[in-house]
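Everything on this sheet refers to the single structure shown next.
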Amino acid sequence: MRKVAIIGVGVEGFRPAIRDLSYKEMVYRAAVKAYTNADIDPRKEVDTFISCEEDFSMGTSITDEYAPDQLGGAQRSVQTITGDGIQGMAAAYMQIATGMFDVAVVEAQSRISDMLTPNQIQHFALDPIFVRQFNSTHHSIAALEKQAYQHAFGVSDEIIAEVAVKNYRNAILNPIAAYGMNASKEDILETEIISAPLREGEVAEHADGAIVVVMASEDIIKQKNVTPVWVKGISYATNTPNVETRDWKTATYAKLCADRAYKMAGITDPKSQIDLFEIDDTYAFKELQHLEALGIFSFGEAAKALADGKLERGGDLPVNVSGGVLGVGNGHDVNGLQRVAEIVDQLTGEAGKRTVSGAKTGLAFSWRGVPTTAGALAILSVE
Amino acid sequence: MLPKKRTMTDAPTHEVRGGFPVHYHYTVGIVGEIFFNGLKEKKLLAVTCDECSKTYFPPRMYCEDCFVELTDKEFKVLEQEGTIESFTKTYKDHRGDPLSEPYYLALIKINGADTVFFHKLVNVDEPKIGMSVKPVWSDSPKASLFDIIGFEPV
């Protein structure tokens, strides 16, 4: 199998609402940046294009039909994956590693601000027979999970609020982040209750934006003046979608992803072999729950590491230096590529004041949000 | 000539609105029929997988762990008591608008089941994980999820 690397990333956004660019113009802008970074002409050198988006989010049935041209992909091999951008990267990885293609482009985007009824669309994702008949917000599913997690492992609202404080603060230095701010723990704890114990301040706000990632085989990379970020491990997994049988206390899907990706990447001690972590924090408690499921901490111990400052940019195990989904903004299927974009910036010396010194290997983990138990993980390295 | 440079603060002068109504009737299935007809008789019907001994409530056609069919098994009546596995007091409706009367949703493990049941809590001030609860039945059950009005403390 051939080695596969990311050779260029382009980002447009993120903003609470992008009102000047159409969705195609937004993706086009991100694509031009990615191709310039990758030193690639999409009309001549890209073999396949993978777009990660869903009809309801985009407001068009068979929305994949509208994906090619803004990427430079008209008249080419194009596929759409209704899932996270890292799932798209996994498909690209397989297509390149097997020798089917040399260069693949992965794109994901968010135009949530174009949706006039975003809450109804998320509510519509709930099981229609056993869950959706209760006309409550979809966030109540996350609230049930937060309650079960806190009760099982003794994690307080105060420490969960500190996740949000850290990530909103980290986002200040990230030019692609929509929600960088200095907020105190008290600020978070005083926000409105959506579904107790879940508050507004610990739920990632929506944002618009697009990310395009160019991936290539080692053969192509030898011919280019680029810094390759190697995909060492990549995986995706679903626990069970059913509320009756899923795990409510721990993020089993994250463990399933980690088991596979660690094996692929030869990771036996993630704490010492990985230098920084970008982890889904769509709900603040998820950062802690995910870190534990990924085997970085034992259950209930992530909160202690946070309290000790270990998860800060200058700490032993920096988590969400980008600001996470809380800080960058929730773009749903593009969230995984947000995580990847930060790791690529960090490993290629493009992170400016956010730089985690000496970072060589990073882990990106994304979750597909309520009501899913689906995750995707990538281990990226310049070594 | 350079294209006109626009900024984020430029408000769009034109936008096109669109949408469409989508409606479905969802089929509950062979085992769903058994479950909902049970509710009509104020019974909680469950099914057990012989291979892993997992008891499903609500019942299923197949065990999702073993992938074996359960349709031919005996559907057993569970006792009308369970415990709260988790709960939330929800303040927003499905549109994100405030609920006029916030209410409790909970995951309830009915005694004898290995799965949880998603439903409301009623007649309770301070629910706790581990609290014993029982169903409050409608006076005129009609094979609906809301034949159970909610679960209240025992």
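Residue numbering restarts at 1 in every chain; chains get A, B, ... in the order shown in the structure tokens, and ligands count up from 1 in that same order.
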Inset, instruction - Please provide as number ranges by chain all residues within 8 Å of segment 93-95 of chain A, with the sequence filter that same-chain residues fewer than 5 positions apart are discarded (counting only C-alpha atoms). - result: A: 4, 100-101, 215, 231
Inset, instruction - For segment 195-201 of chain A, work out the shell of residues within 6 Å, counting only C-alpha atoms and skipping chain neighbours fewer than 3 positions away, then give it as a PyMOL selection string. - result: (chain A and resi 140+143+188+191-192) or (chain B and resi 88-91)
Output C-alpha atoms for every residue in the selection just made, as a PDB file, in the first residue's frame.
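Now in selection.pdb:
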ATOM      1  CA  SER A 140     -32.311  16.914  25.224  1.00  0.00           C
ATOM      2  CA  ALA A 143     -28.525  16.480  28.059  1.00  0.00           C
ATOM      3  CA  ILE A 188     -20.907  29.962  31.080  1.00  0.00           C
ATOM      4  CA  THR A 191     -26.286  31.099  30.381  1.00  0.00           C
ATOM      5  CA  GLU A 192     -29.807  29.881  29.744  1.00  0.00           C
TER       6      GLU A 192
ATOM      7  CA  THR B  88     -33.307  15.936  31.758  1.00  0.00           C
ATOM      8  CA  LYS B  89     -35.688  18.818  32.337  1.00  0.00           C
ATOM      9  CA  THR B  90     -36.237  20.248  28.893  1.00  0.00           C
ATOM     10  CA  TYR B  91     -37.075  23.920  28.374  1.00  0.00           C
TER      11      TYR B  91
END
From a DSSP pass on the backbone, collect the residues of segment 4-109 of chain B flagged as strand (DSSP E) and hand them back as a CSV table (one decimal) with N, CA and C atoms, in the first residue's frame.
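File written: out-v9.csv
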chain,number,residue,atom,x,y,z
B,44,LEU,N,-46.4,-4.1,29.3
B,44,LEU,CA,-45.1,-3.8,28.8
B,44,LEU,C,-44.5,-5.2,28.3
B,45,LEU,N,-44.5,-5.3,27.0
B,45,LEU,CA,-44.1,-6.6,26.4
B,45,LEU,C,-42.6,-6.5,25.9
B,46,ALA,N,-41.9,-7.6,26.3
B,46,ALA,CA,-40.4,-7.6,26.0
B,46,ALA,C,-40.1,-8.9,25.4
B,47,VAL,N,-38.9,-9.0,24.8
B,47,VAL,CA,-38.4,-10.3,24.2
B,47,VAL,C,-36.9,-10.5,24.5
B,48,THR,N,-36.6,-11.7,24.8
B,48,THR,CA,-35.2,-12.0,25.2
B,48,THR,C,-34.5,-12.8,24.1
B,55,THR,N,-32.5,-8.8,27.2
B,55,THR,CA,-34.0,-8.6,27.1
B,55,THR,C,-34.3,-7.2,26.5
B,56,TYR,N,-35.0,-7.2,25.4
B,56,TYR,CA,-35.3,-5.9,24.8
B,56,TYR,C,-36.6,-5.4,25.2
B,76,LYS,N,-42.7,-11.7,26.6
B,76,LYS,CA,-43.1,-11.7,28.1
B,76,LYS,C,-43.5,-10.4,28.6
B,77,VAL,N,-44.4,-10.4,29.6
B,77,VAL,CA,-44.9,-9.2,30.2
B,77,VAL,C,-44.0,-8.8,31.3
B,78,LEU,N,-43.5,-7.6,31.3
B,78,LEU,CA,-42.6,-7.1,32.4
B,78,LEU,C,-43.5,-6.5,33.5
B,82,GLY,N,-39.6,0.3,37.1
B,82,GLY,CA,-38.3,0.4,36.6
B,82,GLY,C,-37.5,1.5,37.3
B,83,THR,N,-36.3,1.7,36.8
B,83,THR,CA,-35.4,2.8,37.5
B,83,THR,C,-35.0,3.8,36.5
B,84,ILE,N,-34.7,5.0,37.0
B,84,ILE,CA,-34.3,6.1,36.1
B,84,ILE,C,-32.8,5.9,35.9
B,85,GLU,N,-32.4,5.8,34.6
B,85,GLU,CA,-30.9,5.7,34.2
B,85,GLU,C,-30.3,7.1,34.0
B,86,SER,N,-31.2,8.0,33.4
B,86,SER,CA,-30.8,9.4,33.3
B,86,SER,C,-32.0,10.2,33.0
B,87,PHE,N,-31.9,11.5,33.2
B,87,PHE,CA,-33.1,12.4,33.0
B,87,PHE,C,-32.7,13.8,32.7
B,88,THR,N,-33.6,14.5,32.1
B,88,THR,CA,-33.3,15.9,31.8
B,88,THR,C,-34.6,16.7,31.9
B,89,LYS,N,-34.5,17.9,32.4
B,89,LYS,CA,-35.7,18.8,32.3
B,89,LYS,C,-35.5,19.7,31.1
B,90,THR,N,-36.4,19.6,30.2
B,90,THR,CA,-36.2,20.2,28.9
B,90,THR,C,-37.1,21.5,28.8
B,91,TYR,N,-36.4,22.6,28.4
B,91,TYR,CA,-37.1,23.9,28.4
B,91,TYR,C,-37.4,24.4,27.0
B,92,LYS,N,-37.0,23.7,26.0
B,92,LYS,CA,-37.2,24.1,24.6
B,92,LYS,C,-37.9,23.1,23.8
B,98,PRO,N,-39.1,28.4,23.6
B,98,PRO,CA,-39.3,28.0,25.0
B,98,PRO,C,-40.6,27.2,25.1
B,99,LEU,N,-40.6,26.2,25.9
B,99,LEU,CA,-41.8,25.4,26.2
B,99,LEU,C,-42.6,26.1,27.3
B,100,SER,N,-43.9,26.2,27.1
B,100,SER,CA,-44.7,26.9,28.1
B,100,SER,C,-44.6,26.2,29.4
B,101,GLU,N,-44.6,24.8,29.4
B,101,GLU,CA,-44.4,24.1,30.6
B,101,GLU,C,-43.2,23.1,30.4
B,102,PRO,N,-42.0,23.5,30.9
B,102,PRO,CA,-40.9,22.5,30.8
B,102,PRO,C,-41.2,21.2,31.4
B,103,TYR,N,-40.7,20.1,30.9
B,103,TYR,CA,-41.0,18.8,31.5
B,103,TYR,C,-39.8,17.9,31.5
B,104,TYR,N,-39.9,16.8,32.2
B,104,TYR,CA,-38.8,15.9,32.3
B,104,TYR,C,-38.9,14.7,31.3
B,105,LEU,N,-37.8,14.5,30.6
B,105,LEU,CA,-37.6,13.3,29.8
B,105,LEU,C,-36.6,12.4,30.5
B,106,ALA,N,-36.8,11.1,30.3
B,106,ALA,CA,-35.9,10.2,31.1
B,106,ALA,C,-35.6,8.9,30.3
B,107,LEU,N,-34.5,8.3,30.7
B,107,LEU,CA,-34.2,6.9,30.2
B,107,LEU,C,-34.6,6.0,31.3
B,108,ILE,N,-35.5,5.1,31.1
B,108,ILE,CA,-36.0,4.2,32.2
B,108,ILE,C,-35.7,2.8,31.9
B,109,LYS,N,-35.1,2.1,32.8
B,109,LYS,CA,-34.8,0.7,32.6
B,109,LYS,C,-35.9,-0.1,33.4
Inset, instruction - Name the residues in contact with segment 21-29 of chain B at a cut-off of 8 Å, using only C-alpha atoms, excluding same-chain residues fewer than 2 positions from it; report them as a PyMOL selection string. - result: (chain A and resi 128-129) or (chain B and resi 19+31-33)
Pull N, CA, C and O atoms from the residues just selected and write them as an mmCIF file, in the first residue's frame.
data_model
loop_
_atom_site.group_PDB
_atom_site.id
_atom_site.type_symbol
_atom_site.label_atom_id
_atom_site.label_comp_id
_atom_site.auth_asym_id
_atom_site.auth_seq_id
_atom_site.Cartn_x
_atom_site.Cartn_y
_atom_site.Cartn_z
ATOM 1 N N PRO A 128 -38.281 8.278 14.599
ATOM 2 C CA PRO A 128 -39.644 8.808 14.505
ATOM 3 C C PRO A 128 -40.658 8.093 15.378
ATOM 4 O O PRO A 128 -41.673 8.684 15.747
ATOM 5 N N ILE A 129 -40.402 6.829 15.702
ATOM 6 C CA ILE A 129 -41.413 6.042 16.423
ATOM 7 C C ILE A 129 -41.253 6.159 17.935
ATOM 8 O O ILE A 129 -42.216 6.363 18.662
ATOM 9 N N GLY B 19 -38.387 25.919 0.057
ATOM 10 C CA GLY B 19 -38.605 24.878 1.058
ATOM 11 C C GLY B 19 -39.693 23.983 0.551
ATOM 12 O O GLY B 19 -40.271 24.251 -0.513
ATOM 13 N N VAL B 31 -43.009 -6.534 14.968
ATOM 14 C CA VAL B 31 -42.830 -6.547 16.421
ATOM 15 C C VAL B 31 -43.341 -5.237 17.029
ATOM 16 O O VAL B 31 -43.838 -5.207 18.157
ATOM 17 N N GLY B 32 -43.261 -4.159 16.246
ATOM 18 C CA GLY B 32 -43.839 -2.880 16.700
ATOM 19 C C GLY B 32 -45.340 -3.018 16.943
ATOM 20 O O GLY B 32 -45.885 -2.480 17.911
ATOM 21 N N GLU B 33 -46.016 -3.775 16.066
ATOM 22 C CA GLU B 33 -47.463 -4.018 16.242
ATOM 23 C C GLU B 33 -47.718 -4.722 17.579
ATOM 24 O O GLU B 33 -48.635 -4.379 18.314
#
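Within the 7 Å cut-off around Val155 of chain A, using only C-alpha atoms and omitting residues fewer than 5 positions from it on the same chain, the listed residues are Gln150, Gly300 and Ala303 of chain A.
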Would you put the residues from that selection into a file with N, CA, C and O atoms, as an mmCIF file, in the first residue's frame?
data_model
loop_
_atom_site.group_PDB
_atom_site.id
_atom_site.type_symbol
_atom_site.label_atom_id
_atom_site.label_comp_id
_atom_site.auth_asym_id
_atom_site.auth_seq_id
_atom_site.Cartn_x
_atom_site.Cartn_y
_atom_site.Cartn_z
ATOM 1 N N GLN A 150 -21.936 12.569 33.923
ATOM 2 C CA GLN A 150 -21.570 13.247 35.181
ATOM 3 C C GLN A 150 -21.835 12.359 36.385
ATOM 4 O O GLN A 150 -21.039 12.293 37.319
ATOM 5 N N GLY A 300 -13.373 9.582 33.991
ATOM 6 C CA GLY A 300 -13.484 10.577 35.049
ATOM 7 C C GLY A 300 -12.212 11.368 35.296
ATOM 8 O O GLY A 300 -12.214 12.348 36.039
ATOM 9 N N ALA A 303 -11.233 15.379 33.551
ATOM 10 C CA ALA A 303 -11.574 16.613 34.271
ATOM 11 C C ALA A 303 -10.409 17.066 35.142
ATOM 12 O O ALA A 303 -10.112 18.268 35.231
#
Inset, instruction - Quick one: pull the distance between atom CA of Thr372 of chain A and atom CA of Gln79 of chain A, Å, one decimal. - result: 22.5 Å
Using only C-alpha atoms, what table do you get, as JSON lines, when you list each residue of segment 59-123 of chain B with an atom no more than 9 Å from segment 135-140 of chain B, its nearest pair of atoms, and their distance in Å rounded to one decimal, rows by chain then rising number?
{"residue": "B:Gln80", "atom": "CA", "partner": "B:Pro135", "partner_atom": "CA", "distance": 6.5}
{"residue": "B:Glu81", "atom": "CA", "partner": "B:Pro135", "partner_atom": "CA", "distance": 7.2}
{"residue": "B:Gly82", "atom": "CA", "partner": "B:Pro135", "partner_atom": "CA", "distance": 8.8}
{"residue": "B:Leu121", "atom": "CA", "partner": "B:Pro135", "partner_atom": "CA", "distance": 9.0}
{"residue": "B:Val122", "atom": "CA", "partner": "B:Val136", "partner_atom": "CA", "distance": 8.2}
Legend entry - Interatomic distance, atom CA of Val229 of chain A to atom CA of Ile379 of chain A (Å, one decimal): 9.8 Å
Legend entry - 10 Å contact set for Cys257 of chain A, only C-alpha atoms, chain neighbours under 2 positions out, as a PyMOL selection string: chain A and resi 233-238+252-255+259-262+293-294+365+374-378
Based on DSSP run over this structure's backbone, return all residues of segment 229-310 of chain A in alpha helix (DSSP H), as a PDB file with N, CA and C atoms, in the first residue's frame.
ATOM      1  N   THR A 252     -18.474   5.046  23.226  1.00  0.00           N
ATOM      2  CA  THR A 252     -17.958   3.789  22.665  1.00  0.00           C
ATOM      3  C   THR A 252     -17.468   3.958  21.225  1.00  0.00           C
ATOM      4  N   TYR A 253     -18.170   4.814  20.466  1.00  0.00           N
ATOM      5  CA  TYR A 253     -17.763   5.016  19.056  1.00  0.00           C
ATOM      6  C   TYR A 253     -16.333   5.559  18.971  1.00  0.00           C
ATOM      7  N   ALA A 254     -15.954   6.397  19.936  1.00  0.00           N
ATOM      8  CA  ALA A 254     -14.593   6.960  19.928  1.00  0.00           C
ATOM      9  C   ALA A 254     -13.561   5.870  20.215  1.00  0.00           C
ATOM     10  N   LYS A 255     -13.920   4.974  21.139  1.00  0.00           N
ATOM     11  CA  LYS A 255     -13.005   3.864  21.440  1.00  0.00           C
ATOM     12  C   LYS A 255     -12.832   2.958  20.217  1.00  0.00           C
ATOM     13  N   LEU A 256     -13.934   2.678  19.536  1.00  0.00           N
ATOM     14  CA  LEU A 256     -13.863   1.824  18.341  1.00  0.00           C
ATOM     15  C   LEU A 256     -12.960   2.456  17.277  1.00  0.00           C
ATOM     16  N   CYS A 257     -13.107   3.779  17.104  1.00  0.00           N
ATOM     17  CA  CYS A 257     -12.251   4.505  16.144  1.00  0.00           C
ATOM     18  C   CYS A 257     -10.793   4.415  16.567  1.00  0.00           C
ATOM     19  N   ALA A 258     -10.534   4.659  17.860  1.00  0.00           N
ATOM     20  CA  ALA A 258      -9.153   4.698  18.360  1.00  0.00           C
ATOM     21  C   ALA A 258      -8.483   3.340  18.221  1.00  0.00           C
ATOM     22  N   ASP A 259      -9.201   2.275  18.586  1.00  0.00           N
ATOM     23  CA  ASP A 259      -8.608   0.928  18.509  1.00  0.00           C
ATOM     24  C   ASP A 259      -8.068   0.658  17.106  1.00  0.00           C
ATOM     25  N   ARG A 260      -8.876   1.020  16.102  1.00  0.00           N
ATOM     26  CA  ARG A 260      -8.476   0.744  14.717  1.00  0.00           C
ATOM     27  C   ARG A 260      -7.349   1.656  14.266  1.00  0.00           C
ATOM     28  N   ALA A 261      -7.484   2.957  14.536  1.00  0.00           N
ATOM     29  CA  ALA A 261      -6.494   3.919  14.019  1.00  0.00           C
ATOM     30  C   ALA A 261      -5.150   3.771  14.732  1.00  0.00           C
ATOM     31  N   TYR A 262      -5.157   3.472  16.038  1.00  0.00           N
ATOM     32  CA  TYR A 262      -3.892   3.294  16.778  1.00  0.00           C
ATOM     33  C   TYR A 262      -3.126   2.096  16.209  1.00  0.00           C
ATOM     34  N   LYS A 263      -3.876   1.033  15.918  1.00  0.00           N
ATOM     35  CA  LYS A 263      -3.245  -0.169  15.373  1.00  0.00           C
ATOM     36  C   LYS A 263      -2.610   0.150  14.016  1.00  0.00           C
ATOM     37  N   MET A 264      -3.366   0.854  13.203  1.00  0.00           N
ATOM     38  CA  MET A 264      -2.879   1.205  11.854  1.00  0.00           C
ATOM     39  C   MET A 264      -1.635   2.095  11.931  1.00  0.00           C
ATOM     40  N   ALA A 265      -1.629   3.018  12.911  1.00  0.00           N
ATOM     41  CA  ALA A 265      -0.532   3.989  13.010  1.00  0.00           C
ATOM     42  C   ALA A 265       0.601   3.499  13.909  1.00  0.00           C
ATOM     43  N   PRO A 270      -0.741   6.488  23.342  1.00  0.00           N
ATOM     44  CA  PRO A 270      -1.141   7.749  22.693  1.00  0.00           C
ATOM     45  C   PRO A 270      -0.642   8.998  23.436  1.00  0.00           C
ATOM     46  N   LYS A 271      -0.563   8.914  24.756  1.00  0.00           N
ATOM     47  CA  LYS A 271      -0.140  10.084  25.541  1.00  0.00           C
ATOM     48  C   LYS A 271       1.278  10.527  25.182  1.00  0.00           C
ATOM     49  N   SER A 272       2.167   9.560  24.953  1.00  0.00           N
ATOM     50  CA  SER A 272       3.542   9.953  24.660  1.00  0.00           C
ATOM     51  C   SER A 272       3.815  10.060  23.163  1.00  0.00           C
ATOM     52  N   GLN A 273       3.020   9.380  22.355  1.00  0.00           N
ATOM     53  CA  GLN A 273       3.301   9.371  20.912  1.00  0.00           C
ATOM     54  C   GLN A 273       2.556  10.457  20.137  1.00  0.00           C
ATOM     55  N   ALA A 284     -19.635  20.826  25.538  1.00  0.00           N
ATOM     56  CA  ALA A 284     -18.363  20.896  26.271  1.00  0.00           C
ATOM     57  C   ALA A 284     -17.990  19.574  26.948  1.00  0.00           C
ATOM     58  N   PHE A 285     -18.972  18.872  27.528  1.00  0.00           N
ATOM     59  CA  PHE A 285     -18.638  17.622  28.246  1.00  0.00           C
ATOM     60  C   PHE A 285     -18.065  16.573  27.303  1.00  0.00           C
ATOM     61  N   LYS A 286     -18.397  16.705  26.006  1.00  0.00           N
ATOM     62  CA  LYS A 286     -17.941  15.709  25.023  1.00  0.00           C
ATOM     63  C   LYS A 286     -16.414  15.676  24.915  1.00  0.00           C
ATOM     64  N   GLU A 287     -15.753  16.831  25.127  1.00  0.00           N
ATOM     65  CA  GLU A 287     -14.287  16.836  25.044  1.00  0.00           C
ATOM     66  C   GLU A 287     -13.704  15.861  26.074  1.00  0.00           C
ATOM     67  N   LEU A 288     -14.210  15.924  27.284  1.00  0.00           N
ATOM     68  CA  LEU A 288     -13.707  15.050  28.354  1.00  0.00           C
ATOM     69  C   LEU A 288     -14.088  13.596  28.084  1.00  0.00           C
ATOM     70  N   GLN A 289     -15.360  13.393  27.711  1.00  0.00           N
ATOM     71  CA  GLN A 289     -15.854  12.030  27.452  1.00  0.00           C
ATOM     72  C   GLN A 289     -15.086  11.388  26.297  1.00  0.00           C
ATOM     73  N   HIS A 290     -14.827  12.187  25.253  1.00  0.00           N
ATOM     74  CA  HIS A 290     -14.090  11.651  24.097  1.00  0.00           C
ATOM     75  C   HIS A 290     -12.642  11.327  24.456  1.00  0.00           C
ATOM     76  N   LEU A 291     -11.978  12.206  25.208  1.00  0.00           N
ATOM     77  CA  LEU A 291     -10.580  11.956  25.590  1.00  0.00           C
ATOM     78  C   LEU A 291     -10.453  10.650  26.365  1.00  0.00           C
ATOM     79  N   GLU A 292     -11.432  10.383  27.197  1.00  0.00           N
ATOM     80  CA  GLU A 292     -11.400   9.144  27.990  1.00  0.00           C
ATOM     81  C   GLU A 292     -11.636   7.924  27.097  1.00  0.00           C
ATOM     82  N   ALA A 293     -12.592   8.035  26.185  1.00  0.00           N
ATOM     83  CA  ALA A 293     -12.878   6.900  25.290  1.00  0.00           C
ATOM     84  C   ALA A 293     -11.695   6.629  24.357  1.00  0.00           C
ATOM     85  N   ALA A 302     -10.222  12.912  32.897  1.00  0.00           N
ATOM     86  CA  ALA A 302      -9.950  14.038  31.990  1.00  0.00           C
ATOM     87  C   ALA A 302     -10.219  15.364  32.691  1.00  0.00           C
ATOM     88  N   ALA A 303     -11.233  15.379  33.551  1.00  0.00           N
ATOM     89  CA  ALA A 303     -11.574  16.613  34.271  1.00  0.00           C
ATOM     90  C   ALA A 303     -10.409  17.066  35.142  1.00  0.00           C
ATOM     91  N   LYS A 304      -9.723  16.113  35.770  1.00  0.00           N
ATOM     92  CA  LYS A 304      -8.586  16.467  36.638  1.00  0.00           C
ATOM     93  C   LYS A 304      -7.446  17.051  35.808  1.00  0.00           C
ATOM     94  N   ALA A 305      -7.214  16.441  34.641  1.00  0.00           N
ATOM     95  CA  ALA A 305      -6.154  16.942  33.765  1.00  0.00           C
ATOM     96  C   ALA A 305      -6.456  18.372  33.320  1.00  0.00           C
ATOM     97  N   LEU A 306      -7.730  18.635  33.032  1.00  0.00           N
ATOM     98  CA  LEU A 306      -8.143  19.989  32.640  1.00  0.00           C
ATOM     99  C   LEU A 306      -7.895  20.967  33.790  1.00  0.00           C
ATOM    100  N   ALA A 307      -8.322  20.563  34.988  1.00  0.00           N
ATOM    101  CA  ALA A 307      -8.152  21.428  36.164  1.00  0.00           C
ATOM    102  C   ALA A 307      -6.676  21.714  36.434  1.00  0.00           C
TER     103      ALA A 307
END
Inset, instruction - Do me a favour and pick out the residues of chain A within 6 Å of chain B, using only C-alpha atoms, as a list in words. - result: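 My answer is Asp20, Asn119, Gln120, His123, Asn135, Ser136, Thr137, Leu144, Ala148, Ile194, Ser195, Ala196, Glu244 and Thr245 of chain A.
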Dump as a compact mmCIF listing (two decimals), in the first residue's frame, selection limited to all heavy atoms:
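Wrote it out as again.txt, contents follow:
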# COMPACT_ATOMS: atom_id res chain seq x y z
N ASP A 20 -22.36 37.25 2.12
CA ASP A 20 -22.01 37.83 0.83
C ASP A 20 -21.79 36.76 -0.24
O ASP A 20 -22.20 36.92 -1.38
CB ASP A 20 -20.78 38.75 0.94
CG ASP A 20 -19.58 38.07 1.56
OD1 ASP A 20 -19.76 37.02 2.21
OD2 ASP A 20 -18.46 38.59 1.41
N ASN A 119 -33.30 23.87 13.71
CA ASN A 119 -33.68 23.01 14.84
C ASN A 119 -34.62 21.90 14.40
O ASN A 119 -34.49 20.76 14.84
CB ASN A 119 -34.33 23.84 15.95
CG ASN A 119 -33.32 24.64 16.70
OD1 ASN A 119 -32.37 24.11 17.26
ND2 ASN A 119 -33.47 25.96 16.69
N GLN A 120 -35.57 22.24 13.53
CA GLN A 120 -36.52 21.20 13.08
C GLN A 120 -35.78 20.11 12.31
O GLN A 120 -36.14 18.94 12.39
CB GLN A 120 -37.61 21.80 12.18
CG GLN A 120 -38.71 22.48 12.95
CD GLN A 120 -38.52 23.97 12.99
OE1 GLN A 120 -37.41 24.46 13.22
NE2 GLN A 120 -39.59 24.71 12.77
N HIS A 123 -34.15 17.92 14.77
CA HIS A 123 -35.19 17.15 15.44
C HIS A 123 -35.67 16.01 14.55
O HIS A 123 -35.98 14.91 15.00
CB HIS A 123 -36.36 18.07 15.81
CG HIS A 123 -37.49 17.38 16.52
ND1 HIS A 123 -38.67 17.06 15.90
CD2 HIS A 123 -37.59 16.94 17.79
CE1 HIS A 123 -39.46 16.45 16.77
NE2 HIS A 123 -38.84 16.36 17.92
N ASN A 135 -42.06 16.25 21.55
CA ASN A 135 -41.68 17.43 20.78
C ASN A 135 -40.65 18.31 21.47
O ASN A 135 -40.79 19.52 21.53
CB ASN A 135 -42.93 18.25 20.47
CG ASN A 135 -43.38 18.00 19.04
OD1 ASN A 135 -42.73 17.25 18.30
ND2 ASN A 135 -44.47 18.60 18.65
N SER A 136 -39.61 17.68 22.01
CA SER A 136 -38.60 18.48 22.71
C SER A 136 -37.40 18.71 21.79
O SER A 136 -37.23 18.03 20.78
CB SER A 136 -38.14 17.75 23.97
OG SER A 136 -37.32 16.67 23.61
N THR A 137 -36.56 19.65 22.16
CA THR A 137 -35.35 19.94 21.40
C THR A 137 -34.46 18.71 21.28
O THR A 137 -34.36 17.92 22.21
CB THR A 137 -34.57 21.10 22.06
OG1 THR A 137 -33.26 21.15 21.46
CG2 THR A 137 -34.40 20.89 23.55
N LEU A 144 -29.35 14.20 28.32
CA LEU A 144 -29.46 12.89 28.99
C LEU A 144 -28.09 12.24 29.09
O LEU A 144 -27.74 11.61 30.09
CB LEU A 144 -30.40 11.97 28.21
CG LEU A 144 -31.90 12.29 28.28
CD1 LEU A 144 -32.66 11.51 27.21
CD2 LEU A 144 -32.45 11.96 29.67
N ALA A 148 -25.90 11.39 32.50
CA ALA A 148 -25.43 10.03 32.77
C ALA A 148 -23.91 10.01 32.96
O ALA A 148 -23.39 9.32 33.85
CB ALA A 148 -25.83 9.10 31.62
N ILE A 194 -30.98 24.99 28.39
CA ILE A 194 -31.73 24.47 27.23
C ILE A 194 -32.50 23.23 27.66
O ILE A 194 -33.70 23.11 27.45
CB ILE A 194 -30.78 24.10 26.08
CG1 ILE A 194 -29.99 25.33 25.62
CG2 ILE A 194 -31.56 23.50 24.92
CD1 ILE A 194 -28.88 25.00 24.63
N SER A 195 -31.77 22.29 28.24
CA SER A 195 -32.35 21.05 28.73
C SER A 195 -31.42 20.62 29.85
O SER A 195 -30.30 20.18 29.58
CB SER A 195 -32.41 20.02 27.58
OG SER A 195 -33.25 18.94 27.90
N ALA A 196 -31.85 20.80 31.09
CA ALA A 196 -30.96 20.61 32.23
C ALA A 196 -30.35 19.21 32.21
O ALA A 196 -31.07 18.26 31.93
CB ALA A 196 -31.74 20.81 33.53
N GLU A 244 -32.30 2.93 22.91
CA GLU A 244 -32.53 1.83 23.85
C GLU A 244 -31.23 1.09 24.18
O GLU A 244 -31.07 0.61 25.30
CB GLU A 244 -33.52 0.81 23.25
CG GLU A 244 -34.94 1.33 23.07
CD GLU A 244 -35.11 2.09 21.75
OE1 GLU A 244 -34.21 2.03 20.89
OE2 GLU A 244 -36.14 2.77 21.59
N THR A 245 -30.34 0.97 23.20
CA THR A 245 -29.20 0.06 23.37
C THR A 245 -27.84 0.77 23.37
O THR A 245 -26.83 0.14 23.63
CB THR A 245 -29.19 -0.98 22.23
OG1 THR A 245 -29.50 -0.33 21.00
CG2 THR A 245 -30.21 -2.07 22.48
Legend entry - Among listed residues B:Val154, B:Ile34, B:Arg60, B:Lys43, nearest Asn242 of chain A (using only C-alpha atoms): B:Arg60
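Nearest-residue note for Arg354 of chain A: choosing from A:Pro371, A:Pro42, A:Pro175, A:Gly295, the minimum distance belongs to A:Pro175, counting only C-alpha atoms.
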Legend entry - Polymer residues at most 9 Å from Leu363 of chain A, only C-alpha atoms, same-chain spacing of 6 or more positions, as a PyMOL selection string: chain A and resi 274-279+339-340+343+377-381
Preceding selection exported with C-alpha atoms as a short mmCIF file (atom, residue, chain, number, x, y, z; two decimals), in the first residue's frame:
data_model
loop_
_atom_site.label_atom_id
_atom_site.label_comp_id
_atom_site.auth_asym_id
_atom_site.auth_seq_id
_atom_site.Cartn_x
_atom_site.Cartn_y
_atom_site.Cartn_z
CA ILE A 274 0.79 12.13 20.10
CA ASP A 275 1.70 15.79 20.64
CA LEU A 276 -1.66 17.51 20.25
CA PHE A 277 -5.32 16.62 20.09
CA GLU A 278 -8.24 18.15 18.23
CA ILE A 279 -11.33 16.52 19.70
CA ARG A 339 -9.83 19.56 13.42
CA VAL A 340 -7.59 18.36 10.58
CA ILE A 343 -3.26 19.87 13.02
CA LEU A 377 -10.52 9.77 13.54
CA ALA A 378 -7.28 10.69 11.77
CA ILE A 379 -3.71 10.48 13.05
CA LEU A 380 -1.48 12.90 11.16
CA SER A 381 2.30 13.23 11.33
#
